[in-house]
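So this block is run.csv, CSV, C-alpha atoms and all ligand atoms:
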chain,number,residue,atom,x,y,z
A,110,MET,CA,-16.9,-10.9,19.2
A,111,ALA,CA,-19.9,-11.5,16.9
A,112,THR,CA,-19.2,-8.1,15.2
A,113,THR,CA,-15.5,-8.9,14.9
A,114,ASN,CA,-16.3,-12.2,13.2
A,115,ASN,CA,-18.9,-10.6,10.9
A,116,ILE,CA,-16.4,-7.9,9.8
A,117,ALA,CA,-13.7,-10.6,9.2
A,118,THR,CA,-16.2,-12.6,7.2
A,119,GLY,CA,-17.1,-9.5,5.1
A,120,LEU,CA,-13.4,-8.7,4.5
A,121,ALA,CA,-12.9,-12.3,3.4
A,122,LYS,CA,-15.7,-12.2,0.9
A,123,ILE,CA,-14.4,-8.9,-0.6
A,124,GLY,CA,-10.9,-10.5,-0.7
A,125,LEU,CA,-12.2,-13.5,-2.5
A,126,PHE,CA,-13.9,-11.3,-5.1
A,127,LEU,CA,-10.6,-9.3,-5.6
A,128,ARG,CA,-8.5,-12.4,-5.9
A,129,SER,CA,-10.9,-13.8,-8.6
A,130,ALA,CA,-10.9,-10.4,-10.5
A,131,ASN,CA,-7.1,-10.2,-10.3
A,132,TRP,CA,-6.7,-13.8,-11.5
A,133,ARG,CA,-9.0,-13.0,-14.5
A,134,GLN,CA,-7.0,-9.8,-15.4
A,135,ALA,CA,-3.7,-11.6,-15.1
A,136,GLU,CA,-4.9,-14.6,-17.2
A,137,ALA,CA,-6.1,-12.2,-19.9
A,138,ALA,CA,-2.5,-10.9,-20.2
A,139,ALA,CA,-1.1,-14.5,-20.1
A,140,LEU,CA,0.4,-13.9,-16.6
A,141,SER,CA,0.2,-15.6,-13.3
A,142,PRO,CA,-1.3,-13.5,-10.5
A,143,THR,CA,2.1,-13.1,-8.9
A,144,GLN,CA,3.7,-12.1,-12.2
A,145,ALA,CA,0.9,-9.5,-12.7
A,146,GLN,CA,1.5,-8.2,-9.1
A,147,ILE,CA,5.3,-7.8,-9.7
A,148,LEU,CA,4.8,-6.0,-13.0
A,149,ILE,CA,2.3,-3.6,-11.5
A,150,HIS,CA,4.5,-3.0,-8.5
A,151,LEU,CA,7.6,-2.2,-10.5
A,152,THR,CA,5.6,0.1,-12.8
A,153,ARG,CA,4.2,2.1,-10.0
A,154,ARG,CA,7.2,2.2,-7.7
A,155,GLY,CA,10.2,2.0,-10.0
A,156,PRO,CA,13.0,-0.5,-10.5
A,157,ALA,CA,13.9,-2.8,-7.6
A,158,ARG,CA,16.1,-5.7,-6.6
A,159,ILE,CA,14.6,-9.1,-6.1
A,160,ALA,CA,15.0,-9.1,-2.3
A,161,ALA,CA,13.3,-5.8,-1.9
A,162,LEU,CA,10.6,-6.8,-4.3
A,163,ALA,CA,9.9,-10.0,-2.3
A,164,GLU,CA,9.8,-8.1,1.0
A,165,GLU,CA,7.4,-5.4,-0.3
A,166,LEU,CA,5.0,-7.9,-1.9
A,167,GLY,CA,5.1,-10.3,1.1
A,168,VAL,CA,6.3,-13.3,-1.0
A,169,THR,CA,9.3,-15.5,-0.7
A,170,GLN,CA,12.5,-14.6,-2.6
A,171,PRO,CA,12.4,-17.8,-4.7
A,172,THR,CA,8.8,-17.1,-5.7
A,173,ALA,CA,9.7,-13.5,-6.7
A,174,SER,CA,12.8,-14.8,-8.5
A,175,ASP,CA,10.8,-17.4,-10.5
A,176,SER,CA,8.1,-14.9,-11.4
A,177,ALA,CA,10.6,-12.3,-12.4
A,178,ALA,CA,12.4,-14.8,-14.6
A,179,ALA,CA,9.1,-15.6,-16.4
A,180,LEU,CA,8.4,-12.0,-16.9
A,181,ILE,CA,11.9,-11.5,-18.5
A,182,ARG,CA,11.3,-14.5,-20.8
A,183,LYS,CA,7.9,-12.9,-21.8
A,184,GLY,CA,9.6,-9.6,-22.6
A,185,HIS,CA,7.9,-7.6,-19.8
A,186,LEU,CA,11.0,-7.1,-17.6
A,187,GLU,CA,14.8,-6.7,-18.1
A,188,ARG,CA,17.7,-6.7,-15.7
A,189,ARG,CA,20.0,-3.7,-15.5
A,190,ARG,CA,23.0,-3.0,-13.4
A,191,ASP,CA,22.2,-1.2,-10.1
A,192,PRO,CA,24.1,2.1,-10.3
A,193,ALA,CA,24.5,2.0,-6.5
A,194,ASP,CA,26.2,-1.4,-6.6
A,195,GLY,CA,27.7,-2.8,-9.8
A,196,ARG,CA,27.4,-6.4,-8.5
A,197,ALA,CA,23.6,-6.1,-8.1
A,198,ALA,CA,20.9,-5.9,-10.7
A,199,LEU,CA,17.6,-4.0,-10.8
A,200,LEU,CA,14.5,-5.2,-12.5
A,201,HIS,CA,13.0,-2.7,-14.9
A,202,PRO,CA,9.7,-3.0,-16.8
A,203,THR,CA,10.2,-2.9,-20.6
A,204,LEU,CA,8.0,-0.8,-22.9
A,205,ALA,CA,5.8,-3.9,-23.5
A,206,GLY,CA,5.7,-4.4,-19.7
A,207,LEU,CA,4.6,-0.9,-19.0
A,208,ARG,CA,1.8,-1.3,-21.6
A,209,THR,CA,0.7,-4.6,-20.1
A,210,ALA,CA,0.8,-3.1,-16.5
A,211,GLU,CA,-1.4,-0.2,-17.6
A,212,ALA,CA,-3.9,-2.6,-19.1
A,213,ILE,CA,-4.2,-4.8,-16.0
A,214,ALA,CA,-3.8,-2.3,-13.2
A,215,VAL,CA,-7.4,-1.2,-13.0
A,216,TRP,CA,-9.8,-1.7,-10.2
A,217,PRO,CA,-12.8,-3.9,-11.1
A,218,ASP,CA,-15.9,-1.8,-12.1
A,219,ALA,CA,-18.0,-3.8,-9.7
A,220,LEU,CA,-15.8,-2.9,-6.7
A,221,LEU,CA,-15.7,0.8,-7.6
A,222,ALA,CA,-19.5,0.8,-8.0
A,223,ALA,CA,-19.9,-0.9,-4.6
A,224,VAL,CA,-17.7,1.8,-2.9
A,225,ASP,CA,-19.6,4.5,-4.7
A,226,ALA,CA,-22.9,3.0,-3.3
A,227,LEU,CA,-21.7,4.1,0.2
A,228,ASP,CA,-22.6,7.7,1.1
A,229,ALA,CA,-19.8,10.2,1.7
A,230,GLN,CA,-19.9,9.8,5.5
A,231,GLU,CA,-19.8,6.0,5.2
A,232,GLN,CA,-16.8,6.2,2.9
A,233,VAL,CA,-14.9,8.4,5.3
A,234,VAL,CA,-15.6,6.1,8.3
A,235,PHE,CA,-14.7,3.1,6.2
A,236,LEU,CA,-11.4,4.6,5.0
A,237,LYS,CA,-10.4,5.6,8.5
A,238,GLY,CA,-11.2,2.1,9.8
A,239,LEU,CA,-9.2,0.6,7.0
A,240,THR,CA,-6.3,2.9,7.9
A,241,LYS,CA,-6.4,1.8,11.5
A,242,MET,CA,-6.5,-1.9,10.5
A,243,ILE,CA,-3.7,-1.6,8.1
A,244,ARG,CA,-1.5,0.2,10.6
A,245,TYR,CA,-2.3,-2.5,13.2
A,246,LEU,CA,-1.3,-5.3,10.8
A,247,GLN,CA,1.9,-3.4,9.9
A,248,VAL,CA,2.9,-2.9,13.5
A,249,LYS,CA,2.3,-6.6,14.2
A,250,GLY,CA,4.5,-7.5,11.3
A,251,ALA,CA,1.7,-9.3,9.5
A,252,ILE,CA,2.0,-7.1,6.3
A,253,PRO,CA,4.9,-5.1,4.8
A,254,VAL,CA,5.4,-1.4,5.4
A,255,GLN,CA,2.6,0.6,3.8
A,256,ARG,CA,3.1,4.0,2.2
A,257,MET,CA,0.2,5.7,4.0
A,258,CYS,CA,-0.3,9.1,5.6
A,259,ALA,CA,-0.4,7.6,9.1
A,260,THR,CA,3.2,6.6,8.9
A,261,CYS,CA,4.6,9.5,6.8
A,262,ARG,CA,7.0,12.1,8.0
A,263,PHE,CA,5.1,14.7,6.1
A,264,PHE,CA,1.8,14.0,7.9
A,265,ARG,CA,0.6,16.5,10.5
A,266,PRO,CA,-2.7,15.1,11.9
A,267,ASN,CA,-5.3,17.2,13.5
A,268,VAL,CA,-3.4,20.5,13.3
A,269,HIS,CA,-6.2,22.6,11.7
A,270,ASP,CA,-9.3,23.9,13.4
A,271,ASP,CA,-11.4,22.6,10.5
A,272,ALA,CA,-13.6,19.6,10.8
A,273,VAL,CA,-13.5,18.9,7.1
A,274,ALA,CA,-9.8,19.3,6.6
A,275,PRO,CA,-8.0,19.0,10.0
A,276,HIS,CA,-4.8,17.4,8.7
A,277,HIS,CA,-1.8,18.8,6.8
A,278,CYS,CA,0.5,17.3,4.3
A,279,ALA,CA,3.9,19.1,4.6
A,280,PHE,CA,5.0,17.7,1.2
A,281,VAL,CA,2.4,19.6,-0.8
A,282,ASP,CA,1.8,22.1,2.0
A,283,ALA,CA,-1.9,21.7,2.0
A,284,ALA,CA,-4.7,20.8,4.4
A,285,PHE,CA,-6.8,17.7,3.9
A,286,GLY,CA,-9.4,15.6,5.7
A,287,ASP,CA,-10.1,12.0,6.5
A,288,ALA,CA,-11.7,11.5,3.1
A,289,ASN,CA,-8.4,12.0,1.4
A,290,LEU,CA,-6.1,9.9,3.6
A,291,ARG,CA,-3.7,8.0,1.4
A,292,LEU,CA,-3.0,4.3,1.7
A,293,ASP,CA,-0.4,4.1,-1.1
A,294,CYS,CA,1.3,7.5,-1.7
A,295,SER,CA,4.4,7.7,-4.0
A,296,GLU,CA,5.6,10.8,-2.0
A,297,HIS,CA,5.5,8.9,1.3
A,298,GLU,CA,8.6,9.0,3.5
A,299,PRO,CA,8.8,6.9,6.7
A,300,THR,CA,9.7,8.3,10.1
A,301,ASP,CA,11.7,6.7,12.9
A,302,GLU,CA,10.1,5.6,16.1
A,303,PRO,CA,9.0,7.1,18.3
A,304,GLU,CA,7.9,9.8,15.8
A,305,THR,CA,5.7,7.3,14.0
A,306,ASP,CA,4.0,6.3,17.2
A,307,ALA,CA,3.5,10.0,18.1
A,308,ILE,CA,2.0,10.8,14.7
A,309,TRP,CA,-0.3,7.8,15.1
A,310,ARG,CA,-1.5,8.9,18.5
A,311,ARG,CA,-2.2,12.4,17.3
A,312,PHE,CA,-4.1,11.0,14.3
A,313,ALA,CA,-6.1,8.3,16.3
A,314,GLY,CA,-6.7,10.6,19.3
A,315,THR,CA,-5.0,8.1,21.6
A,316,PRO,CA,-3.3,9.6,24.6
A,317,ALA,CA,0.1,8.2,25.6
A,318,GLY,CA,-0.3,5.2,27.8
A,319,LYS,CA,-3.8,4.3,26.4
A,320,ALA,CA,-3.5,1.8,23.6
A,321,ASP,CA,-6.4,1.5,21.3
A,322,ALA,CA,-3.5,1.8,18.8
A,323,PRO,CA,-1.1,-1.1,18.8
A,324,PRO,CA,2.2,-0.5,20.6
A,325,ALA,CA,5.2,-0.1,18.5
A,326,VAL,CA,7.2,-3.3,18.2
A,327,SER,CA,10.9,-3.8,18.1
A,328,GLY,CA,12.1,-3.8,14.5
A,329,GLU,CA,9.0,-2.0,13.2
A,330,ALA,CA,9.7,-0.2,10.0
A,331,SER,CA,8.5,3.3,10.4
B,401,LIG,S1,3.3,12.8,1.3
B,401,LIG,FE1,1.6,11.4,0.8
B,401,LIG,S2,1.6,9.9,2.5
B,401,LIG,FE2,2.8,11.7,3.2
B,401,LIG,S3,1.3,13.0,4.3
B,401,LIG,FE3,1.4,13.7,2.1
B,401,LIG,S4,-0.3,12.7,1.1
B,401,LIG,FE4,0.1,11.6,3.0
Would you give me this structure, written as structure tokens?
Amino acid sequence: MATTNNIATGLAKIGLFLRSANWRQAEAAALSPTQAQILIHLTRRGPARIAALAEELGVTQPTASDSAAALIRKGHLERRRDPADGRAALLHPTLAGLRTAEAIAVWPDALLAAVDALDAQEQVVFLKGLTKMIRYLQVKGAIPVQRMCATCRFFRPNVHDDAVAPHHCAFVDAAFGDANLRLDCSEHEPTDEPETDAIWRRFAGTPAGKADAPPAVSGEAS
């Protein structure tokens, strides 16, 4: 329990630093942190409706709606008709919005330097641990669906007899290792349960019936 608390404390300290850095970046662009988050999200993932945006960012629909309205007033977003449903609108970044997003969507140098201070083995262990924690939070419904290898239909974990690159991505048809596990991949496509659970068990090395991985829950997005 002491280790658990220490890790949670460490994560909270890093989270505090990131919130502070994000706040400063947003403020420099005359945006609120939520406005900056929405602009970056739409730039990276493409146009979206308000409801989908709110769900993906884990904010309420009124919060997403107010922030989007402010971004439209500031010239960073525009509403366009959704080609799939003429009664609905999609939010698109404007050219000015794309430029602003590019300027603020950078990781703080101090964070990148801190990660680089870990040796290669420490980085791999850390990344795999983060993957497991994020998967757990996703299964428990604590965070939205994440576009990571461990929940992707193209992911073939531990299929190669190669300690450095045991996994395979069927999208690019290439082997890769734990060091290159993706946590936000634009090519990610979700699977249905129980396939997601089976992929996870092959990745985490957890035999069926033994749950160091969280059980799939009803309504879990795959
Ligand atoms: S498409 Fe992306 S998320 Fe899916 S397995 Fe390949 S690298 Fe991972």
Neighbourhood of ligand LIG 401 (chain B) at 10 Å, counting only C-alpha atoms and all ligand atoms, reported as a PyMOL selection string: chain A and resi 255-266+276-285+289-299
For the residues in that selection, give me C-alpha atoms as a short mmCIF file (atom, residue, chain, number, x, y, z; two decimals), in the frame of the given file.
data_model
loop_
_atom_site.label_atom_id
_atom_site.label_comp_id
_atom_site.auth_asym_id
_atom_site.auth_seq_id
_atom_site.Cartn_x
_atom_site.Cartn_y
_atom_site.Cartn_z
CA GLN A 255 2.60 0.60 3.80
CA ARG A 256 3.10 4.00 2.20
CA MET A 257 0.20 5.70 4.00
CA CYS A 258 -0.30 9.10 5.60
CA ALA A 259 -0.40 7.60 9.10
CA THR A 260 3.20 6.60 8.90
CA CYS A 261 4.60 9.50 6.80
CA ARG A 262 7.00 12.10 8.00
CA PHE A 263 5.10 14.70 6.10
CA PHE A 264 1.80 14.00 7.90
CA ARG A 265 0.60 16.50 10.50
CA PRO A 266 -2.70 15.10 11.90
CA HIS A 276 -4.80 17.40 8.70
CA HIS A 277 -1.80 18.80 6.80
CA CYS A 278 0.50 17.30 4.30
CA ALA A 279 3.90 19.10 4.60
CA PHE A 280 5.00 17.70 1.20
CA VAL A 281 2.40 19.60 -0.80
CA ASP A 282 1.80 22.10 2.00
CA ALA A 283 -1.90 21.70 2.00
CA ALA A 284 -4.70 20.80 4.40
CA PHE A 285 -6.80 17.70 3.90
CA ASN A 289 -8.40 12.00 1.40
CA LEU A 290 -6.10 9.90 3.60
CA ARG A 291 -3.70 8.00 1.40
CA LEU A 292 -3.00 4.30 1.70
CA ASP A 293 -0.40 4.10 -1.10
CA CYS A 294 1.30 7.50 -1.70
CA SER A 295 4.40 7.70 -4.00
CA GLU A 296 5.60 10.80 -2.00
CA HIS A 297 5.50 8.90 1.30
CA GLU A 298 8.60 9.00 3.50
CA PRO A 299 8.80 6.90 6.70
#
For Leu221 (chain A), the nearest of the candidates A:Asp270, A:Thr172, A:Thr209, A:Leu127, counting only C-alpha atoms: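 Residue with the minimum atom-to-atom distance to Leu221 (chain A): A:Leu127.
Pairwise distance (CA of Glu164 (chain A), CA of Val254 (chain A)) equals 9.1 Å.
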Name all residues at most 7 Å from region 150-159 of chain A (count all atoms listed in the file; drop same-chain ones fewer than 4 positions away) and give them as a PDB file with C-alpha atoms, keeping the file's coordinate frame.
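Output below, filename around_6.pdb:
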ATOM      1  CA  GLN A 146       1.500  -8.200  -9.100  1.00  0.00           C
ATOM      2  CA  ALA A 163       9.900 -10.000  -2.300  1.00  0.00           C
ATOM      3  CA  GLN A 170      12.500 -14.600  -2.600  1.00  0.00           C
ATOM      4  CA  ALA A 173       9.700 -13.500  -6.700  1.00  0.00           C
ATOM      5  CA  SER A 174      12.800 -14.800  -8.500  1.00  0.00           C
ATOM      6  CA  ALA A 198      20.900  -5.900 -10.700  1.00  0.00           C
ATOM      7  CA  LEU A 199      17.600  -4.000 -10.800  1.00  0.00           C
ATOM      8  CA  LEU A 200      14.500  -5.200 -12.500  1.00  0.00           C
ATOM      9  CA  HIS A 201      13.000  -2.700 -14.900  1.00  0.00           C
ATOM     10  CA  PRO A 202       9.700  -3.000 -16.800  1.00  0.00           C
ATOM     11  CA  LEU A 207       4.600  -0.900 -19.000  1.00  0.00           C
ATOM     12  CA  ALA A 210       0.800  -3.100 -16.500  1.00  0.00           C
TER      13      ALA A 210
END
For Gly286 (chain A): contacts at 10 Å, only C-alpha atoms, fewer than 6 positions along chain excluded, given as an NGL selection string: :A and (233 or 266-267 or 269 or 271-277)
Output file for the selection above: C-alpha atoms, as a short mmCIF file (atom, residue, chain, number, x, y, z; two decimals), keeping the file's coordinate frame:
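Here's the written file out_33.cif:
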data_model
loop_
_atom_site.label_atom_id
_atom_site.label_comp_id
_atom_site.auth_asym_id
_atom_site.auth_seq_id
_atom_site.Cartn_x
_atom_site.Cartn_y
_atom_site.Cartn_z
CA VAL A 233 -14.90 8.40 5.30
CA PRO A 266 -2.70 15.10 11.90
CA ASN A 267 -5.30 17.20 13.50
CA HIS A 269 -6.20 22.60 11.70
CA ASP A 271 -11.40 22.60 10.50
CA ALA A 272 -13.60 19.60 10.80
CA VAL A 273 -13.50 18.90 7.10
CA ALA A 274 -9.80 19.30 6.60
CA PRO A 275 -8.00 19.00 10.00
CA HIS A 276 -4.80 17.40 8.70
CA HIS A 277 -1.80 18.80 6.80
#
CA of Val224 (chain A) to CA of Glu136 (chain A), straight-line distance in Å: 25.2 Å
For Leu204 (chain A), the nearest of the candidates A:Leu239, A:Leu148, A:Leu246, A:Ala177, counting all atoms listed in the file: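 Selected residue with least distance to Leu204 (chain A): A:Leu148.
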Shortest interatomic distance to Trp216 (chain A) - which of A:Lys249, A:Arg128, A:Arg196, A:His185, counting all atoms listed in the file: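 Of all the options, A:Arg128 lies closest to Trp216 (chain A).
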Protein, DNA and RNA residues within 12 Å of (-19.3, -4.3, -3.1), all atoms listed in the file, as a PyMOL selection string: chain A and resi 119-120+122-127+217-227
Separation of CA of Asn115 (chain A) from CA of Val248 (chain A) in Å: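 CA of Asn115 (chain A) lies 23.3 Å from CA of Val248 (chain A).
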Any chance you could model N, CA, C and O atoms for region 225-247 of chain A and send them as an mmCIF file, keeping the file's coordinate frame?
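Listed below is the output, result-v4.cif:
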data_model
loop_
_atom_site.group_PDB
_atom_site.id
_atom_site.type_symbol
_atom_site.label_atom_id
_atom_site.label_comp_id
_atom_site.auth_asym_id
_atom_site.auth_seq_id
_atom_site.Cartn_x
_atom_site.Cartn_y
_atom_site.Cartn_z
ATOM 1 N N ASP A 225 -18.845 3.331 -4.400
ATOM 2 C CA ASP A 225 -19.600 4.500 -4.700
ATOM 3 C C ASP A 225 -21.050 4.426 -4.117
ATOM 4 O O ASP A 225 -21.724 5.445 -3.918
ATOM 5 N N ALA A 226 -21.505 3.199 -3.865
ATOM 6 C CA ALA A 226 -22.900 3.000 -3.300
ATOM 7 C C ALA A 226 -22.920 3.462 -1.843
ATOM 8 O O ALA A 226 -24.009 3.688 -1.307
ATOM 9 N N LEU A 227 -21.741 3.586 -1.195
ATOM 10 C CA LEU A 227 -21.700 4.100 0.200
ATOM 11 C C LEU A 227 -21.883 5.633 0.094
ATOM 12 O O LEU A 227 -21.375 6.266 -0.843
ATOM 13 N N ASP A 228 -22.569 6.235 1.093
ATOM 14 C CA ASP A 228 -22.600 7.700 1.100
ATOM 15 C C ASP A 228 -21.290 8.267 1.562
ATOM 16 O O ASP A 228 -20.426 7.525 2.042
ATOM 17 N N ALA A 229 -21.137 9.591 1.418
ATOM 18 C CA ALA A 229 -19.800 10.200 1.700
ATOM 19 C C ALA A 229 -19.370 9.941 3.122
ATOM 20 O O ALA A 229 -18.188 9.650 3.362
ATOM 21 N N GLN A 230 -20.301 10.022 4.084
ATOM 22 C CA GLN A 230 -19.900 9.800 5.500
ATOM 23 C C GLN A 230 -19.494 8.351 5.704
ATOM 24 O O GLN A 230 -18.514 8.070 6.410
ATOM 25 N N GLU A 231 -20.215 7.404 5.082
ATOM 26 C CA GLU A 231 -19.800 6.000 5.200
ATOM 27 C C GLU A 231 -18.454 5.731 4.621
ATOM 28 O O GLU A 231 -17.665 4.954 5.162
ATOM 29 N N GLN A 232 -18.167 6.397 3.515
ATOM 30 C CA GLN A 232 -16.800 6.200 2.900
ATOM 31 C C GLN A 232 -15.726 6.699 3.804
ATOM 32 O O GLN A 232 -14.685 6.054 3.922
ATOM 33 N N VAL A 233 -15.949 7.860 4.453
ATOM 34 C CA VAL A 233 -14.900 8.400 5.300
ATOM 35 C C VAL A 233 -14.679 7.476 6.531
ATOM 36 O O VAL A 233 -13.533 7.172 6.901
ATOM 37 N N VAL A 234 -15.769 6.998 7.129
ATOM 38 C CA VAL A 234 -15.600 6.100 8.300
ATOM 39 C C VAL A 234 -14.932 4.800 7.867
ATOM 40 O O VAL A 234 -14.052 4.285 8.567
ATOM 41 N N PHE A 235 -15.298 4.289 6.683
ATOM 42 C CA PHE A 235 -14.700 3.100 6.200
ATOM 43 C C PHE A 235 -13.201 3.250 5.938
ATOM 44 O O PHE A 235 -12.369 2.413 6.325
ATOM 45 N N LEU A 236 -12.840 4.374 5.304
ATOM 46 C CA LEU A 236 -11.400 4.600 5.000
ATOM 47 C C LEU A 236 -10.605 4.774 6.275
ATOM 48 O O LEU A 236 -9.495 4.241 6.378
ATOM 49 N N LYS A 237 -11.164 5.463 7.268
ATOM 50 C CA LYS A 237 -10.400 5.600 8.500
ATOM 51 C C LYS A 237 -10.270 4.288 9.235
ATOM 52 O O LYS A 237 -9.222 3.975 9.797
ATOM 53 N N GLY A 238 -11.320 3.469 9.179
ATOM 54 C CA GLY A 238 -11.200 2.100 9.800
ATOM 55 C C GLY A 238 -10.205 1.266 9.085
ATOM 56 O O GLY A 238 -9.416 0.559 9.736
ATOM 57 N N LEU A 239 -10.172 1.330 7.760
ATOM 58 C CA LEU A 239 -9.200 0.600 7.000
ATOM 59 C C LEU A 239 -7.760 1.031 7.370
ATOM 60 O O LEU A 239 -6.843 0.222 7.546
ATOM 61 N N THR A 240 -7.579 2.353 7.489
ATOM 62 C CA THR A 240 -6.300 2.900 7.900
ATOM 63 C C THR A 240 -5.808 2.324 9.192
ATOM 64 O O THR A 240 -4.659 1.909 9.350
ATOM 65 N N LYS A 241 -6.721 2.293 10.162
ATOM 66 C CA LYS A 241 -6.400 1.800 11.500
ATOM 67 C C LYS A 241 -6.027 0.276 11.407
ATOM 68 O O LYS A 241 -5.066 -0.188 12.030
ATOM 69 N N MET A 242 -6.807 -0.482 10.642
ATOM 70 C CA MET A 242 -6.500 -1.900 10.500
ATOM 71 C C MET A 242 -5.197 -2.199 9.857
ATOM 72 O O MET A 242 -4.423 -3.063 10.282
ATOM 73 N N ILE A 243 -4.923 -1.437 8.796
ATOM 74 C CA ILE A 243 -3.700 -1.600 8.100
ATOM 75 C C ILE A 243 -2.480 -1.273 8.948
ATOM 76 O O ILE A 243 -1.463 -1.974 8.992
ATOM 77 N N ARG A 244 -2.615 -0.161 9.674
ATOM 78 C CA ARG A 244 -1.500 0.200 10.600
ATOM 79 C C ARG A 244 -1.311 -0.873 11.639
ATOM 80 O O ARG A 244 -0.179 -1.225 11.948
ATOM 81 N N TYR A 245 -2.407 -1.434 12.174
ATOM 82 C CA TYR A 245 -2.300 -2.500 13.200
ATOM 83 C C TYR A 245 -1.538 -3.693 12.623
ATOM 84 O O TYR A 245 -0.610 -4.224 13.231
ATOM 85 N N LEU A 246 -1.933 -4.123 11.440
ATOM 86 C CA LEU A 246 -1.300 -5.300 10.800
ATOM 87 C C LEU A 246 0.185 -5.018 10.526
ATOM 88 O O LEU A 246 1.035 -5.900 10.659
ATOM 89 N N GLN A 247 0.488 -3.757 10.154
ATOM 90 C CA GLN A 247 1.900 -3.400 9.900
ATOM 91 C C GLN A 247 2.708 -3.454 11.156
ATOM 92 O O GLN A 247 3.810 -4.004 11.166
#
